[in-house]
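Participant: See query-v6.csv below, with CSV, C-alpha atoms.
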chain,number,residue,atom,x,y,z
A,1,MET,CA,-24.9,-33.2,18.4
A,2,THR,CA,-21.2,-33.1,17.5
A,3,ARG,CA,-18.9,-33.3,20.5
A,4,THR,CA,-16.1,-30.6,20.6
A,5,ASP,CA,-15.1,-30.9,24.3
A,6,ASP,CA,-12.1,-33.1,23.3
A,7,MET,CA,-11.0,-30.8,20.4
A,8,LEU,CA,-8.4,-28.0,20.6
A,9,HIS,CA,-9.9,-24.5,20.6
A,10,LEU,CA,-6.7,-22.5,21.3
A,11,THR,CA,-3.2,-23.8,20.7
A,12,GLU,CA,0.3,-22.9,19.5
A,13,TRP,CA,1.7,-24.3,16.2
A,14,LYS,CA,5.4,-23.5,16.3
A,15,ASN,CA,6.1,-25.5,13.2
A,16,GLY,CA,9.6,-25.0,11.8
A,17,GLU,CA,11.9,-22.0,12.4
A,18,LYS,CA,11.2,-18.3,12.3
A,19,SER,CA,11.4,-17.0,8.6
A,20,TRP,CA,14.0,-14.6,7.3
A,21,SER,CA,12.8,-11.0,7.5
A,22,PRO,CA,14.2,-7.8,5.8
A,23,PHE,CA,13.8,-6.1,9.2
A,24,SER,CA,16.1,-6.5,12.1
A,25,SER,CA,15.0,-7.3,15.7
A,26,SER,CA,15.8,-3.7,16.7
A,27,GLU,CA,13.6,-2.3,14.0
A,28,MET,CA,10.6,-4.5,15.0
A,29,THR,CA,11.3,-3.7,18.7
A,30,ARG,CA,11.2,0.0,17.9
A,31,ARG,CA,7.8,-0.4,16.3
A,32,HIS,CA,6.4,-2.2,19.4
A,33,SER,CA,8.1,0.4,21.7
A,34,ASP,CA,6.3,3.2,19.8
A,35,VAL,CA,3.0,1.6,20.5
A,36,ARG,CA,3.8,1.0,24.2
A,37,THR,CA,4.9,4.5,24.6
A,38,TRP,CA,1.6,5.7,23.2
A,39,MET,CA,-0.3,3.3,25.5
A,40,ALA,CA,1.5,4.5,28.6
A,41,GLU,CA,0.9,8.1,27.7
A,42,ASN,CA,-2.8,7.5,27.2
A,43,ASP,CA,-3.6,4.9,29.9
A,44,VAL,CA,-4.3,2.2,27.4
A,45,ASP,CA,-3.7,-1.4,28.7
A,46,ALA,CA,-3.7,-3.3,25.4
A,47,VAL,CA,-4.1,-2.7,21.7
A,48,VAL,CA,-5.8,-5.2,19.4
A,49,PHE,CA,-4.9,-4.5,15.8
A,50,THR,CA,-7.1,-6.2,13.2
A,51,SER,CA,-6.2,-4.7,9.8
A,52,TYR,CA,-3.8,-6.1,7.2
A,53,HIS,CA,-1.5,-3.1,7.4
A,54,CYS,CA,-1.2,-2.8,11.1
A,55,ILE,CA,-0.8,-6.6,11.8
A,56,ASN,CA,1.9,-6.7,9.0
A,57,TYR,CA,3.7,-3.6,10.3
A,58,TYR,CA,3.9,-4.7,13.8
A,59,SER,CA,4.5,-8.5,13.3
A,60,GLY,CA,5.9,-9.0,9.8
A,61,TRP,CA,3.1,-11.3,8.9
A,62,LEU,CA,0.5,-10.6,6.2
A,63,TYR,CA,-2.7,-12.6,6.8
A,64,CYS,CA,-5.0,-14.2,4.2
A,65,TYR,CA,-8.5,-13.1,5.2
A,66,PHE,CA,-10.8,-15.7,3.6
A,67,GLY,CA,-13.7,-14.9,5.9
A,68,ARG,CA,-11.8,-15.3,9.2
A,69,LYS,CA,-10.7,-12.9,11.9
A,70,TYR,CA,-7.1,-12.0,12.8
A,71,ALA,CA,-5.3,-9.8,15.3
A,72,MET,CA,-2.1,-8.5,16.7
A,73,VAL,CA,-2.3,-7.9,20.4
A,74,ILE,CA,0.3,-5.7,22.0
A,75,THR,CA,0.5,-5.2,25.8
A,76,GLN,CA,3.4,-3.8,27.9
A,77,ASP,CA,4.6,-7.3,28.3
A,78,GLY,CA,3.8,-9.1,25.0
A,79,ALA,CA,3.2,-9.0,21.3
A,80,THR,CA,1.2,-11.8,19.8
A,81,THR,CA,-0.6,-12.5,16.6
A,82,VAL,CA,-3.9,-14.4,16.6
A,83,SER,CA,-4.4,-16.6,13.5
A,84,ALA,CA,-6.8,-19.3,12.3
A,85,GLY,CA,-5.9,-23.0,12.4
A,86,ILE,CA,-6.2,-23.2,8.6
A,87,ASP,CA,-3.0,-21.1,8.3
A,88,GLY,CA,-0.9,-23.7,10.0
A,89,GLY,CA,2.5,-22.6,11.4
A,90,GLN,CA,3.1,-19.9,8.8
A,91,PRO,CA,1.8,-17.0,11.0
A,92,TRP,CA,4.2,-18.0,13.8
A,93,ARG,CA,7.1,-18.3,11.4
A,94,ARG,CA,6.5,-14.8,10.1
A,95,THR,CA,5.6,-13.1,13.4
A,96,PHE,CA,8.1,-11.1,15.4
A,97,GLY,CA,6.7,-12.2,18.7
A,98,ASP,CA,4.4,-14.9,19.7
A,99,ASN,CA,1.4,-16.5,18.0
A,100,LEU,CA,-1.8,-18.0,19.3
A,101,VAL,CA,-3.9,-20.2,17.0
A,102,TYR,CA,-7.7,-20.6,17.2
A,103,THR,CA,-9.7,-23.3,15.5
A,104,ASP,CA,-13.1,-23.4,13.8
A,105,TRP,CA,-14.7,-25.8,16.3
A,106,ARG,CA,-16.5,-23.0,18.2
A,107,ARG,CA,-17.8,-19.6,17.1
A,108,ASP,CA,-16.2,-17.8,20.0
A,109,SER,CA,-12.6,-19.2,19.7
A,110,TYR,CA,-11.2,-16.0,18.2
A,111,PHE,CA,-12.6,-13.9,20.9
A,112,ASN,CA,-11.4,-16.3,23.6
A,113,ALA,CA,-7.9,-15.8,22.2
A,114,VAL,CA,-8.2,-12.1,22.3
A,115,LYS,CA,-9.6,-12.2,25.8
A,116,GLN,CA,-6.8,-14.4,27.0
A,117,LEU,CA,-4.2,-12.1,25.5
A,118,THR,CA,-5.7,-8.8,26.8
A,119,GLY,CA,-6.2,-10.3,30.3
A,120,THR,CA,-7.4,-7.8,32.9
A,121,ALA,CA,-7.2,-4.8,30.5
A,122,ARG,CA,-9.8,-2.2,31.1
A,123,THR,CA,-8.9,0.2,28.2
A,124,VAL,CA,-8.2,-1.4,24.9
A,125,GLY,CA,-7.2,0.3,21.6
A,126,ILE,CA,-8.8,-1.0,18.4
A,127,GLU,CA,-8.8,0.4,14.9
A,128,PHE,CA,-12.0,2.4,14.6
A,129,ASP,CA,-11.5,2.7,10.8
A,130,HIS,CA,-11.3,-1.1,10.4
A,131,VAL,CA,-13.5,-2.6,13.0
A,132,ASN,CA,-17.1,-2.8,11.5
A,133,LEU,CA,-20.3,-2.6,13.6
A,134,ASP,CA,-20.6,-6.4,13.9
A,135,LEU,CA,-17.0,-6.9,15.1
A,136,ARG,CA,-17.4,-3.9,17.5
A,137,LYS,CA,-20.4,-5.5,19.1
A,138,GLN,CA,-18.6,-8.9,19.3
A,139,PHE,CA,-15.7,-7.2,21.1
A,140,GLU,CA,-18.0,-5.5,23.5
A,141,THR,CA,-19.6,-8.9,24.3
A,142,ALA,CA,-16.3,-10.7,24.7
A,143,LEU,CA,-14.7,-8.0,26.8
A,144,PRO,CA,-17.5,-6.6,29.0
A,145,GLY,CA,-16.7,-3.5,30.9
A,146,VAL,CA,-13.8,-2.5,28.6
A,147,THR,CA,-13.5,1.0,27.2
A,148,PHE,CA,-12.4,1.0,23.6
A,149,VAL,CA,-10.3,3.8,22.2
A,150,ASP,CA,-9.0,4.4,18.7
A,151,ALA,CA,-5.5,3.1,17.9
A,152,ALA,CA,-5.8,3.5,14.1
A,153,GLN,CA,-4.9,7.2,13.9
A,154,PRO,CA,-2.0,7.1,16.3
A,155,SER,CA,-0.6,4.1,14.5
A,156,MET,CA,-0.9,5.8,11.1
A,157,TRP,CA,1.2,8.7,12.3
A,158,MET,CA,3.8,6.3,13.6
A,159,ARG,CA,4.0,4.6,10.2
A,160,THR,CA,4.3,7.8,8.2
A,161,ILE,CA,8.0,8.2,9.2
A,162,LYS,CA,10.0,5.4,7.5
A,163,SER,CA,13.0,4.0,9.2
A,164,THR,CA,16.3,3.5,7.3
A,165,GLU,CA,15.5,-0.2,6.9
A,166,GLU,CA,12.0,0.6,5.5
A,167,GLN,CA,13.6,3.1,3.1
A,168,LYS,CA,16.0,0.4,1.8
A,169,LEU,CA,13.1,-1.9,1.1
A,170,ILE,CA,11.1,0.9,-0.6
A,171,ARG,CA,14.2,1.7,-2.8
A,172,ASP,CA,14.3,-2.0,-3.8
A,173,GLY,CA,10.6,-1.7,-4.7
A,174,ALA,CA,11.2,1.4,-6.8
A,175,ARG,CA,14.1,-0.3,-8.7
A,176,ILE,CA,11.9,-3.4,-9.4
A,177,CYS,CA,9.1,-1.0,-10.6
A,178,ASP,CA,11.6,0.2,-13.2
A,179,ILE,CA,12.3,-3.3,-14.3
A,180,GLY,CA,8.6,-4.0,-14.7
A,181,GLY,CA,8.3,-0.7,-16.6
A,182,GLN,CA,11.0,-1.8,-19.1
A,183,ALA,CA,9.3,-5.2,-19.6
A,184,CYS,CA,6.1,-3.4,-20.3
A,185,TYR,CA,7.7,-1.1,-22.8
A,186,ASP,CA,9.3,-4.0,-24.5
A,187,THR,CA,6.0,-5.9,-24.9
A,188,ILE,CA,3.9,-3.0,-26.2
A,189,ALA,CA,3.0,-3.3,-29.9
A,190,ALA,CA,-0.1,-2.8,-32.0
A,191,GLY,CA,-2.3,-5.8,-31.8
A,192,VAL,CA,-1.1,-7.0,-28.4
A,193,PRO,CA,-3.8,-7.4,-25.8
A,194,GLU,CA,-3.5,-5.4,-22.6
A,195,HIS,CA,-3.4,-8.6,-20.4
A,196,GLU,CA,-0.4,-9.9,-22.3
A,197,VAL,CA,1.5,-6.7,-21.6
A,198,ALA,CA,0.5,-6.9,-17.9
A,199,LEU,CA,1.5,-10.6,-17.6
A,200,ALA,CA,5.0,-9.9,-19.0
A,201,THR,CA,5.4,-6.9,-16.7
A,202,THR,CA,4.3,-8.8,-13.6
A,203,ASP,CA,6.4,-11.8,-14.4
A,204,ALA,CA,9.5,-9.7,-14.7
A,205,MET,CA,8.9,-8.1,-11.3
A,206,VAL,CA,8.0,-11.3,-9.5
A,207,ARG,CA,11.2,-12.9,-10.8
A,208,GLU,CA,13.3,-10.0,-9.6
A,209,ILE,CA,11.7,-10.0,-6.2
A,210,GLY,CA,12.5,-13.7,-5.9
A,211,ASP,CA,16.1,-13.1,-7.0
A,212,THR,CA,16.6,-10.2,-4.6
A,213,TYR,CA,15.8,-11.8,-1.2
A,214,PRO,CA,17.0,-15.0,0.4
A,215,PHE,CA,13.4,-15.8,1.4
A,216,VAL,CA,10.3,-14.0,0.4
A,217,GLU,CA,6.6,-14.8,0.0
A,218,LEU,CA,5.7,-14.0,-3.6
A,219,MET,CA,2.2,-12.6,-3.4
A,220,ASP,CA,0.1,-9.7,-4.6
A,221,THR,CA,2.5,-8.1,-7.1
A,222,TRP,CA,0.4,-6.9,-10.1
A,223,THR,CA,0.2,-4.6,-13.1
A,224,TRP,CA,-2.5,-2.3,-14.4
A,225,PHE,CA,-1.9,-1.6,-18.1
A,226,GLN,CA,-4.6,0.3,-20.0
A,227,SER,CA,-5.1,1.5,-23.5
A,228,GLY,CA,-7.4,4.0,-25.2
A,229,ILE,CA,-10.5,4.8,-23.3
A,230,ASN,CA,-9.5,2.4,-20.5
A,231,THR,CA,-6.9,5.0,-19.4
A,232,ASP,CA,-9.6,7.3,-18.0
A,233,GLY,CA,-9.3,5.9,-14.5
A,234,ALA,CA,-6.2,5.4,-12.5
A,235,HIS,CA,-7.4,2.1,-11.1
A,236,ASN,CA,-9.1,0.6,-14.1
A,237,PRO,CA,-8.6,-3.2,-14.5
A,238,VAL,CA,-6.7,-4.9,-17.2
A,239,THR,CA,-8.8,-6.1,-20.1
A,240,ASN,CA,-8.2,-8.2,-23.3
A,241,LYS,CA,-8.6,-5.1,-25.5
A,242,ARG,CA,-5.9,-5.0,-28.2
A,243,ILE,CA,-3.6,-2.0,-28.5
A,244,GLU,CA,-4.2,0.0,-31.6
A,245,PRO,CA,-1.8,2.4,-33.4
A,246,GLY,CA,-2.1,5.9,-31.9
A,247,ASP,CA,-3.6,4.6,-28.6
A,248,ILE,CA,-2.8,6.4,-25.4
A,249,LEU,CA,-1.4,3.9,-23.0
A,250,SER,CA,-1.1,3.9,-19.2
A,251,LEU,CA,1.6,1.8,-17.5
A,252,ASN,CA,1.2,1.0,-13.7
A,253,THR,CA,3.6,-1.4,-12.0
A,254,PHE,CA,3.1,-2.5,-8.4
A,255,PRO,CA,5.6,-4.9,-6.9
A,256,MET,CA,4.5,-6.0,-3.4
A,257,ILE,CA,7.4,-6.9,-1.1
A,258,PHE,CA,6.8,-8.0,2.6
A,259,GLY,CA,3.5,-6.0,2.5
A,260,TYR,CA,5.2,-2.9,1.2
A,261,TYR,CA,3.8,-1.3,-2.0
A,262,THR,CA,5.7,0.8,-4.6
A,263,ALA,CA,4.6,2.1,-7.9
A,264,LEU,CA,5.7,3.4,-11.3
A,265,GLU,CA,3.1,5.0,-13.5
A,266,ARG,CA,3.7,6.4,-17.0
A,267,THR,CA,1.9,7.8,-20.0
A,268,LEU,CA,2.9,6.2,-23.3
A,269,PHE,CA,1.6,6.1,-26.9
A,270,CYS,CA,1.6,3.3,-29.4
A,271,GLU,CA,3.6,4.3,-32.6
A,272,HIS,CA,2.5,8.0,-32.7
A,273,ALA,CA,0.7,10.8,-30.9
A,274,ASP,CA,-1.3,13.6,-32.5
A,275,ASP,CA,-0.5,17.2,-31.8
A,276,THR,CA,-3.3,17.8,-29.3
A,277,SER,CA,-2.3,14.7,-27.3
A,278,LEU,CA,1.4,15.8,-27.3
A,279,ASP,CA,0.4,19.2,-26.0
A,280,LEU,CA,-1.7,17.8,-23.2
A,281,TRP,CA,1.0,15.3,-22.3
A,282,ARG,CA,3.7,17.9,-22.2
A,283,LYS,CA,1.6,20.1,-19.9
A,284,ASN,CA,1.0,17.3,-17.5
A,285,VAL,CA,4.7,16.5,-17.5
A,286,ALA,CA,5.3,20.2,-16.7
A,287,VAL,CA,3.0,19.8,-13.7
A,288,HIS,CA,4.8,16.6,-12.7
A,289,VAL,CA,8.3,18.3,-12.9
A,290,ARG,CA,7.1,21.3,-10.8
A,291,GLY,CA,5.6,18.9,-8.3
A,292,LEU,CA,8.9,17.1,-7.9
A,293,GLU,CA,10.6,20.4,-7.2
A,294,LEU,CA,8.0,21.3,-4.5
A,295,LEU,CA,8.4,18.2,-2.3
A,296,LYS,CA,10.8,19.0,0.5
A,297,PRO,CA,10.7,19.2,4.3
A,298,GLY,CA,8.6,22.0,5.8
A,299,VAL,CA,6.1,22.2,3.0
A,300,ARG,CA,2.4,21.6,3.6
A,301,CYS,CA,0.6,19.0,1.5
A,302,CYS,CA,-2.2,21.5,0.7
A,303,ASP,CA,0.2,24.1,-0.5
A,304,VAL,CA,1.7,21.7,-3.1
A,305,ALA,CA,-1.8,21.0,-4.4
A,306,ALA,CA,-2.7,24.7,-4.5
A,307,GLU,CA,0.3,25.6,-6.6
A,308,LEU,CA,-0.1,22.8,-9.1
A,309,ASN,CA,-3.8,23.6,-9.4
A,310,GLU,CA,-2.8,27.1,-10.6
A,311,MET,CA,-0.8,25.5,-13.4
A,312,TYR,CA,-3.7,23.5,-14.6
A,313,ARG,CA,-6.0,26.5,-14.2
A,314,GLU,CA,-3.9,28.6,-16.5
A,315,TRP,CA,-4.4,26.0,-19.2
A,316,ASP,CA,-8.1,25.5,-18.4
A,317,LEU,CA,-7.3,21.9,-17.5
A,318,LEU,CA,-8.2,21.9,-13.8
A,319,LYS,CA,-11.7,20.6,-14.6
A,320,TYR,CA,-10.0,17.4,-15.9
A,321,ARG,CA,-8.1,16.6,-12.7
A,322,SER,CA,-9.5,13.5,-11.0
A,323,PHE,CA,-7.6,12.9,-7.7
A,324,GLY,CA,-4.9,14.1,-5.4
A,325,TYR,CA,-1.3,14.8,-6.5
A,326,GLY,CA,0.3,12.0,-4.4
A,327,HIS,CA,0.3,10.0,-1.2
A,328,SER,CA,2.4,8.3,1.5
A,329,PHE,CA,4.1,5.0,0.8
A,330,GLY,CA,4.8,2.1,3.1
A,331,VAL,CA,2.7,-0.9,4.3
A,332,LEU,CA,-0.3,-0.6,1.9
A,333,CYS,CA,-1.9,-2.2,-1.1
A,334,HIS,CA,-4.8,-1.9,-3.5
A,335,TYR,CA,-7.0,-3.8,-1.0
A,336,TYR,CA,-5.7,-2.6,2.3
A,337,GLY,CA,-4.1,0.3,4.1
A,338,ARG,CA,-3.6,4.0,3.4
A,339,GLU,CA,-1.8,6.7,5.4
A,340,ALA,CA,-4.4,9.3,4.6
A,341,GLY,CA,-2.7,11.9,6.8
A,342,VAL,CA,0.0,12.4,4.2
A,343,GLU,CA,-1.8,13.0,0.9
A,344,LEU,CA,-1.1,15.9,-1.5
A,345,ARG,CA,-4.7,17.3,-1.4
A,346,GLU,CA,-6.2,20.6,-0.8
A,347,ASP,CA,-7.7,19.5,2.6
A,348,VAL,CA,-4.6,18.0,4.1
A,349,GLU,CA,-2.4,20.5,6.1
A,350,THR,CA,0.3,18.0,7.1
A,351,ILE,CA,3.8,19.3,7.0
A,352,LEU,CA,6.3,17.1,5.1
A,353,GLU,CA,9.0,15.7,7.4
A,354,PRO,CA,12.3,13.9,6.8
A,355,GLY,CA,11.6,10.2,6.6
A,356,MET,CA,8.3,10.5,4.9
A,357,VAL,CA,7.9,8.8,1.5
A,358,VAL,CA,5.5,10.4,-0.9
A,359,SER,CA,4.6,10.2,-4.6
A,360,MET,CA,4.1,12.9,-7.2
A,361,GLU,CA,1.4,11.7,-9.6
A,362,PRO,CA,-0.6,14.4,-11.4
A,363,MET,CA,-3.3,13.1,-13.7
A,364,ILE,CA,-5.8,14.7,-16.1
A,365,MET,CA,-8.5,12.8,-18.0
A,366,ILE,CA,-9.9,14.2,-21.3
A,367,PRO,CA,-13.3,12.7,-22.0
A,368,ASP,CA,-13.9,10.4,-25.0
A,369,GLY,CA,-14.9,12.3,-28.1
A,370,GLN,CA,-12.7,15.3,-27.4
A,371,ALA,CA,-9.3,15.9,-29.1
A,372,GLY,CA,-6.6,14.2,-27.1
A,373,ALA,CA,-9.0,12.0,-25.2
A,374,GLY,CA,-7.6,9.7,-22.5
A,375,GLY,CA,-5.8,9.8,-19.1
A,376,TYR,CA,-2.4,11.3,-18.7
A,377,ARG,CA,-0.4,10.4,-15.6
A,378,GLU,CA,3.2,10.3,-14.4
A,379,HIS,CA,4.3,9.0,-11.0
A,380,ASP,CA,7.6,9.1,-9.1
A,381,ILE,CA,8.4,8.2,-5.5
A,382,LEU,CA,10.4,10.5,-3.3
A,383,ILE,CA,12.0,10.1,0.1
A,384,ILE,CA,11.9,13.4,2.1
A,385,LYS,CA,15.4,14.2,3.4
A,386,ASP,CA,16.7,16.8,5.8
A,387,ASP,CA,17.6,19.2,3.0
A,388,GLY,CA,15.3,18.2,0.1
A,389,ALA,CA,14.0,15.0,-1.4
A,390,GLU,CA,15.5,12.0,-3.1
A,391,ASN,CA,13.7,10.7,-6.2
A,392,ILE,CA,14.1,6.9,-6.2
A,393,THR,CA,12.2,6.4,-9.5
A,394,GLY,CA,14.4,6.0,-12.6
A,395,PHE,CA,12.1,5.2,-15.5
A,396,PRO,CA,12.0,8.1,-18.0
A,397,TYR,CA,8.8,10.1,-18.7
A,398,GLY,CA,7.5,12.2,-21.5
A,399,PRO,CA,7.0,12.1,-25.3
A,400,GLU,CA,10.8,12.0,-25.9
A,401,HIS,CA,11.0,8.6,-24.3
A,402,ASN,CA,7.6,6.9,-24.3
A,403,ILE,CA,6.2,6.8,-27.8
A,404,VAL,CA,6.7,3.1,-28.5
A,405,ALA,CA,7.3,2.5,-32.2
A,406,LYS,CA,8.4,-1.0,-32.9
A,407,THR,CA,10.4,-1.5,-36.1
Spell out the structure here as structure tokens.

Facilitator:
Amino acid sequence: MTRTDDMLHLTEWKNGEKSWSPFSSSEMTRRHSDVRTWMAENDVDAVVFTSYHCINYYSGWLYCYFGRKYAMVITQDGATTVSAGIDGGQPWRRTFGDNLVYTDWRRDSYFNAVKQLTGTARTVGIEFDHVNLDLRKQFETALPGVTFVDAAQPSMWMRTIKSTEEQKLIRDGARICDIGGQACYDTIAAGVPEHEVALATTDAMVREIGDTYPFVELMDTWTWFQSGINTDGAHNPVTNKRIEPGDILSLNTFPMIFGYYTALERTLFCEHADDTSLDLWRKNVAVHVRGLELLKPGVRCCDVAAELNEMYREWDLLKYRSFGYGHSFGVLCHYYGREAGVELREDVETILEPGMVVSMEPMIMIPDGQAGAGGYREHDILIIKDDGAENITGFPYGPEHNIVAKT
């Protein structure tokens, strides 16, 4: 039997100095205070966040899962991330607050860390939408007698209103999206594989992120670029298909900055577009333009969807719509996070408020074999203001700008 009694199970690795952050101490303290206010109002003694988005939002650190467990424990007196020993001191450097490290030498080290940080708590908030059945059972075993309540929904509503500092970061992201969009446009040509366009686009964005901040972790920025039939899904992966003359193209740029996601999405064509495709494209652009006009404070998400549905219905295109008209932006990514309470869907009655950040992104998909086949989608990001909305996306849209004909 291997001895572990002389090996560290819980420790602190304060290696180096705290890393630069785009968010001030007052901004991070505000986030913690929001959680503590909710805790006090609901008799919750501690909150154990486990998701990428919540740990990142409340600590500034984005973990690398790799089969291990992580946490951000907030009490009235402390805010501490729990990280695995394999991550070294990086979690502490990035955390606004303290950090406790657990090692692999025993199966229960993670839960001992959580138990140490929650102390005598009798009511603990966890993320019901993130904690799976196995983890829930393990928490119940590690914290006997504790009542668990949901902290995911309250946290989501806190995150939907973006602070001034968050809005600044999101504006940077939108600007970098446009840089990626231009790199994509400049690389498009008949015969070029999709992945080469995507690589050029991502490279341009990563370099700009690196040039913009004094210190930043360059991770997770990506591009989806699709052509022809591959445009039928908004989240279809990049392939090695080569662009052909007359292909419909879909540009999707996604710079990731300190865990914050922004996006630019555009319909383009290679060299030329037939009349049916141009008609469909212009109709989708008309829906996009009307959608931009509708986004303002006091408007319900479902009412935006209902009005835009009528535009599609008049053209008999509603049957080709495949998802909602837009969603909230902030700490999220293609593999984590989503503020589902602010989506422009028929079943969401949320009223838009100043400080929310939402996209307008109508899409229709015409099946293969029909005239004008392919996916048509435009996407802008807007910050809801007191008296309207600010569109922070600058890249042009429509047939007048995005038929790419190289000479």

Participant: Excluding Gly246 in chain A and its own-chain neighbours fewer than 2 positions away, which residues fall within 9 Å of it when counting only C-alpha atoms? Please give them as a PDB file with C-alpha atoms, in the frame of the given file.

Facilitator:
ATOM      1  CA  ALA A 190      -0.100  -2.800 -32.000  1.00  0.00           C
ATOM      2  CA  GLY A 228      -7.400   4.000 -25.200  1.00  0.00           C
ATOM      3  CA  ILE A 243      -3.600  -2.000 -28.500  1.00  0.00           C
ATOM      4  CA  GLU A 244      -4.200   0.000 -31.600  1.00  0.00           C
ATOM      5  CA  ILE A 248      -2.800   6.400 -25.400  1.00  0.00           C
ATOM      6  CA  PHE A 269       1.600   6.100 -26.900  1.00  0.00           C
ATOM      7  CA  CYS A 270       1.600   3.300 -29.400  1.00  0.00           C
ATOM      8  CA  GLU A 271       3.600   4.300 -32.600  1.00  0.00           C
ATOM      9  CA  HIS A 272       2.500   8.000 -32.700  1.00  0.00           C
ATOM     10  CA  ALA A 273       0.700  10.800 -30.900  1.00  0.00           C
ATOM     11  CA  ASP A 274      -1.300  13.600 -32.500  1.00  0.00           C
TER      12      ASP A 274
END

Participant: Here is a test: counting only C-alpha atoms, which residue of A:Cys64, A:Ala200, A:Val358, A:Ala151 is nearest to Ala340 in chain A?

Facilitator: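 Residue with the minimum atom-to-atom distance to Ala340 in chain A: A:Val358.
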
Participant: Find the spatial neighbours of Phe23 in chain A, counting only C-alpha atoms, within a cut-off of 8 Å - ignore same-chain residues fewer than 5 positions away - and output them as a PyMOL selection string.

Facilitator: chain A and resi 28+165-166

Participant: Applying 10 Å and all atoms listed in the file, which residues near Leu332 in chain A remain after dropping the ones on its own chain fewer than 2 positions away? List them as a PyMOL selection string.

Facilitator: chain A and resi 52-54+56-57+256+259-262+328-330+334-339

Participant: Closest to Glu196 in chain A among A:Ile170, A:Ala263, A:Val238, A:Cys302, using only C-alpha atoms?

Facilitator: A:Val238

Participant: Give me, please, the distance in Å between CA of Ile384 in chain A and CA of Gly341 in chain A, quoted to one decimal.

Facilitator: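 Between CA of Ile384 in chain A and CA of Gly341 in chain A the gap works out to 15.4 Å.
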
Participant: Counting only C-alpha atoms, which residue out of A:Trp20, A:Trp105, A:Phe139, A:Phe254 sits closest to Ile176 in chain A?

Facilitator: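 Between A:Trp20, A:Trp105, A:Phe139, A:Phe254, the residue approaching Ile176 in chain A most closely is A:Phe254.
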
Participant: Restricting the calculation to all atoms listed in the file, which member of A:Leu169, A:Cys301, A:Cys177, A:Val73 is positioned closest to Gly97 in chain A?

Facilitator: A:Val73

Participant: Between A:Met158, A:Leu382, A:Ala306, A:Leu218, which is the closest to Asp34 in chain A once you count only C-alpha atoms?

Facilitator: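 Nearest candidate to Asp34 in chain A out of A:Met158, A:Leu382, A:Ala306, A:Leu218: A:Met158.
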
Participant: Just give me the gap between CA of Arg94 in chain A and CA of Trp61 in chain A in Å, one decimal is fine.

Facilitator: 5.0 Å

Participant: Looking at only C-alpha atoms, which of A:Cys184, A:Met156, A:Ala305, A:Ala189 is the one that sits closest to Trp224 in chain A?

Facilitator: A:Cys184

Participant: How many Å separate CA of Ile229 in chain A from CA of Gly375 in chain A?

Facilitator: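 Answer for the CA of Ile229 in chain A to CA of Gly375 in chain A separation: 8.0 Å.
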
Participant: How would you write as a PDB file with C-alpha atoms, in the frame of the given file the residues that get within 12 Å of (14.6, 14.8, -2.6) in the file's frame, counting only C-alpha atoms?

Facilitator:
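The resulting selection-v1.pdb:
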ATOM      1  CA  GLY A 291       5.600  18.900  -8.300  1.00  0.00           C
ATOM      2  CA  LEU A 292       8.900  17.100  -7.900  1.00  0.00           C
ATOM      3  CA  GLU A 293      10.600  20.400  -7.200  1.00  0.00           C
ATOM      4  CA  LEU A 294       8.000  21.300  -4.500  1.00  0.00           C
ATOM      5  CA  LEU A 295       8.400  18.200  -2.300  1.00  0.00           C
ATOM      6  CA  LYS A 296      10.800  19.000   0.500  1.00  0.00           C
ATOM      7  CA  PRO A 297      10.700  19.200   4.300  1.00  0.00           C
ATOM      8  CA  LEU A 352       6.300  17.100   5.100  1.00  0.00           C
ATOM      9  CA  GLU A 353       9.000  15.700   7.400  1.00  0.00           C
ATOM     10  CA  PRO A 354      12.300  13.900   6.800  1.00  0.00           C
ATOM     11  CA  GLY A 355      11.600  10.200   6.600  1.00  0.00           C
ATOM     12  CA  MET A 356       8.300  10.500   4.900  1.00  0.00           C
ATOM     13  CA  VAL A 357       7.900   8.800   1.500  1.00  0.00           C
ATOM     14  CA  VAL A 358       5.500  10.400  -0.900  1.00  0.00           C
ATOM     15  CA  SER A 359       4.600  10.200  -4.600  1.00  0.00           C
ATOM     16  CA  MET A 360       4.100  12.900  -7.200  1.00  0.00           C
ATOM     17  CA  ASP A 380       7.600   9.100  -9.100  1.00  0.00           C
ATOM     18  CA  ILE A 381       8.400   8.200  -5.500  1.00  0.00           C
ATOM     19  CA  LEU A 382      10.400  10.500  -3.300  1.00  0.00           C
ATOM     20  CA  ILE A 383      12.000  10.100   0.100  1.00  0.00           C
ATOM     21  CA  ILE A 384      11.900  13.400   2.100  1.00  0.00           C
ATOM     22  CA  LYS A 385      15.400  14.200   3.400  1.00  0.00           C
ATOM     23  CA  ASP A 386      16.700  16.800   5.800  1.00  0.00           C
ATOM     24  CA  ASP A 387      17.600  19.200   3.000  1.00  0.00           C
ATOM     25  CA  GLY A 388      15.300  18.200   0.100  1.00  0.00           C
ATOM     26  CA  ALA A 389      14.000  15.000  -1.400  1.00  0.00           C
ATOM     27  CA  GLU A 390      15.500  12.000  -3.100  1.00  0.00           C
ATOM     28  CA  ASN A 391      13.700  10.700  -6.200  1.00  0.00           C
ATOM     29  CA  ILE A 392      14.100   6.900  -6.200  1.00  0.00           C
ATOM     30  CA  THR A 393      12.200   6.400  -9.500  1.00  0.00           C
TER      31      THR A 393
END

Participant: For Glu265 in chain A, please output as a list in words all residues within 7 Å (counting all atoms listed in the file; exclusion window: fewer than 6 positions along the same chain).

Facilitator: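 Within the cut-off, the hits are Leu251, Asn252, Thr253, Arg377, Glu378 and His379 of chain A.
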